[in-house]
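Trainee: Below: one structure in structure tokens.
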Amino acid sequence: MTEGGNHVAEEGVTAGKDAVPAGVPAEEEDGEDGEEEKKVNGDSRVEEQAAAPGAPEVEFVHPEGGWGWVVMLAAMWCNGSVFGISNAFGILFLALQREFGSEGDVDLGFKTALVGSLAMGMIFFCSPIVSVFTDILGCRVTAVGGAAVGLVGLLASSFVTSLGPLYFTYGIVFAGGCSFAYQPSLVILGHYFKKRLGMVNGIVTAGSSLFTIILPLVLSYLLEKVGLHNTMRVLCILMFVVMLAGFTYKPLLPVKSSKTRTGRRCPPLSQIFNLNIWKSLGYRIWAFGIPAALYGYFVPYVHLMKHVEERFGPDTSKEVLLMCIGITSCLGRLIFGWVADYVDGVNKVYLQVTSFFVIGLMSMMIPLCNVFGGLIAVCLLMGLFDGCFISIMAPIAFELVGADDVSQAIGFLLGLMSVPMTVGPPIAGFLRDRLGSYNVAFYLAGIPPIVGGALLCLIPWVEARRKRKEEALTKDQGVTEKMVEHEKAQEAARSRSGETVL
């Protein structure tokens with residue numbers, strides 16, 4: 001499942017350009033306001049030191065390890081818990097239908113799928129809001145508070161007796177808390193790593209693949225032994241550990257004081273909502289092409305288990321399919337991430353286009369597989385290119401908007417992605433309820449990735465045209481500057497000849 005890329009950690013790297021070394025105390029301010037500036041809700045931050053006139057600017061030095069390894073493991077657990085539970089919803093989907101469904105309910109598939117899709121959509125929908133909270137409150141407070149809310153939502157979900165309350169407890173409260181816990185776990189990595197940031201991000205995001213491999217087997221065992229409600233209470237342990245992990249997010253990067261004359265720490269509105277990113281036509285195509293490709297993306301994660309049960313019987317080892325997706329997704333992130341970074345001449349956008357084409361074709365292949373081994377092959381390929389899609393989101397964002405605007409660019413993108421993530425699976429469930437099988441649902445789920453991928457093909461052409469215009473403009477400016485310099489030189493020569501005559 002997509003985690004939104006590894007972009008957010010880079011936010012701390014760019015902030016370090018105007019920073020002071022870790023551990024160097026800032027100038028103390030007079031009065032109580034200075035103390036409040038240094039401690040924001042328990043999140044100790046290093047204030048930016050006022051540079052002496054004429055003094056050279058000192059850059060922040062990342063530890064590249066030390067306590068950062070503990071932070072990395074904590075972030076990995078958070079990533080794995082949040083998206084591992086979401087990716088394994090197909091197992092919970094069957095249990096929810098057995099627990100709360102009735103034979104006369106013709107819309108059971110639609111209603112049950114809405115629980116999982118609403119949760120996944122909520123995680124992405126909150127991303128722009130979480131960015132603002134992280135900037136104001138800091139990583140530690142945002143992550144711990146979000147994990148606590150998610151824990152309450154998941155615990156409340158274990159006591160419900162119908163599907164209706166789950167839309168709120170699981171789909172909104174639990175998922176919203178997960179969003180607030182997840183994003184700071186990536187931001188904090190930029191406080192501890194710079195040279196090793198790519199490797200650390202790869203390890204952290206591999207947590208979701210690891211949990212996707214393990215959780216389906218664990219959930220199947222727990223559902224069989226202790227039932228649905230107790231299984232959800234066991235999952236609360238994961239969220240409790242995520243809350244404890246948030247306490248390890250000790251910030252190191254200095255922050256520029258955003259205090260207003262009234263003493264408040266609210267940043268300016270232009271800083272919260274950066275509209276400069278929308279000036280890039282390439283980004284606009286990317287920001288709307290990605291969501292267009294994702295209307296069928298989450299459908300296999302929700303409905304594949306039910307489809308296998310109907311096609312091959314309830315005793316089939318359907319959990320193996322989710323394990324295959326998790327294994328090859330982890331491999332895909334490593335392989336395609338390396339290809340995008342180190343293979344010359346590779347266009348990252350075309351890699352993402354290829355991944356969408358393959359994912360769309362594999363979704364259409366699911367109903368055609370009459371042998372379980374064929375489904376395994378489909379899931380292996382789907383997971384491999386899912387990893388490709390995830391691993392190159394951040395590099396593409398950097399190329400389209402630059403390092404300074406990348407955080408907000410991805411935040412807006414994730415917010416737009418919440419719509420297809422929420423809408424796709426319930427539509428597939430509705431089609432299953434009306435048509436009696438998932439065949440049409442999977443065929444239709446393969447169309448949006450292909451259409452969205454075709455739309456993304458415009459980006460290289462748009463970006464090439466933009467670069468040509470910038471080069472022409474730069475060339476014209478260079479010619480103009482040379483002409484001005486030439487005229488100045490002539491005027492200087494004439495003034496010197498006049499002085500000689502005098």
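Just remember, in the structure tokens the first chain shown is A, the second B, etc., residues are 1-based per chain, and ligands are 1-based in the order shown.
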Determine, counting only C-alpha atoms, which protein, DNA and RNA residues have an atom within 6 Å of an atom of Ser329 of chain A; residues of the same chain fewer than 6 positions away are not included. Present the result as a short mmCIF file (atom, residue, chain, number, x, y, z; two decimals) with N, CA, C and O atoms, in the first residue's frame.
Mentor:
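Result file selection.cif:
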data_model
loop_
_atom_site.label_atom_id
_atom_site.label_comp_id
_atom_site.auth_asym_id
_atom_site.auth_seq_id
_atom_site.Cartn_x
_atom_site.Cartn_y
_atom_site.Cartn_z
N GLY A 383 2.54 -6.54 -6.72
CA GLY A 383 3.32 -6.02 -5.61
C GLY A 383 4.62 -5.39 -6.06
O GLY A 383 5.04 -4.35 -5.54
N LEU A 384 5.28 -6.00 -7.06
CA LEU A 384 6.55 -5.48 -7.55
C LEU A 384 6.39 -4.06 -8.09
O LEU A 384 7.18 -3.15 -7.76
N ASP A 386 3.81 -2.09 -7.53
CA ASP A 386 3.32 -1.22 -6.46
C ASP A 386 4.50 -0.58 -5.74
O ASP A 386 4.49 0.61 -5.42
N GLY A 387 5.55 -1.38 -5.49
CA GLY A 387 6.75 -0.83 -4.89
C GLY A 387 7.42 0.20 -5.78
O GLY A 387 7.96 1.20 -5.29
#
Trainee: Can you tell me which residues surround Val144 of chain A at a distance of at most 9 Å, considering only C-alpha atoms, apart from same-chain residues fewer than 4 positions away, and format the answer as a PyMOL selection string?
Mentor: chain A and resi 139-140+148-149+180-181+242-247
Trainee: Given the choices A:Ser418, A:Thr474, A:Asn347, A:Ser363, which gets closest to Ile392 of chain A if the distance is worked out from only C-alpha atoms?
Mentor: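 Checking each of A:Ser418, A:Thr474, A:Asn347, A:Ser363 against Ile392 of chain A, counting only C-alpha atoms, the winner is A:Asn347.
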Trainee: Pull the alpha helix (DSSP H) assignments for segment 149-236 of chain A out of DSSP run on the backbone, and list those residues as a count of residues only.
Mentor: 71
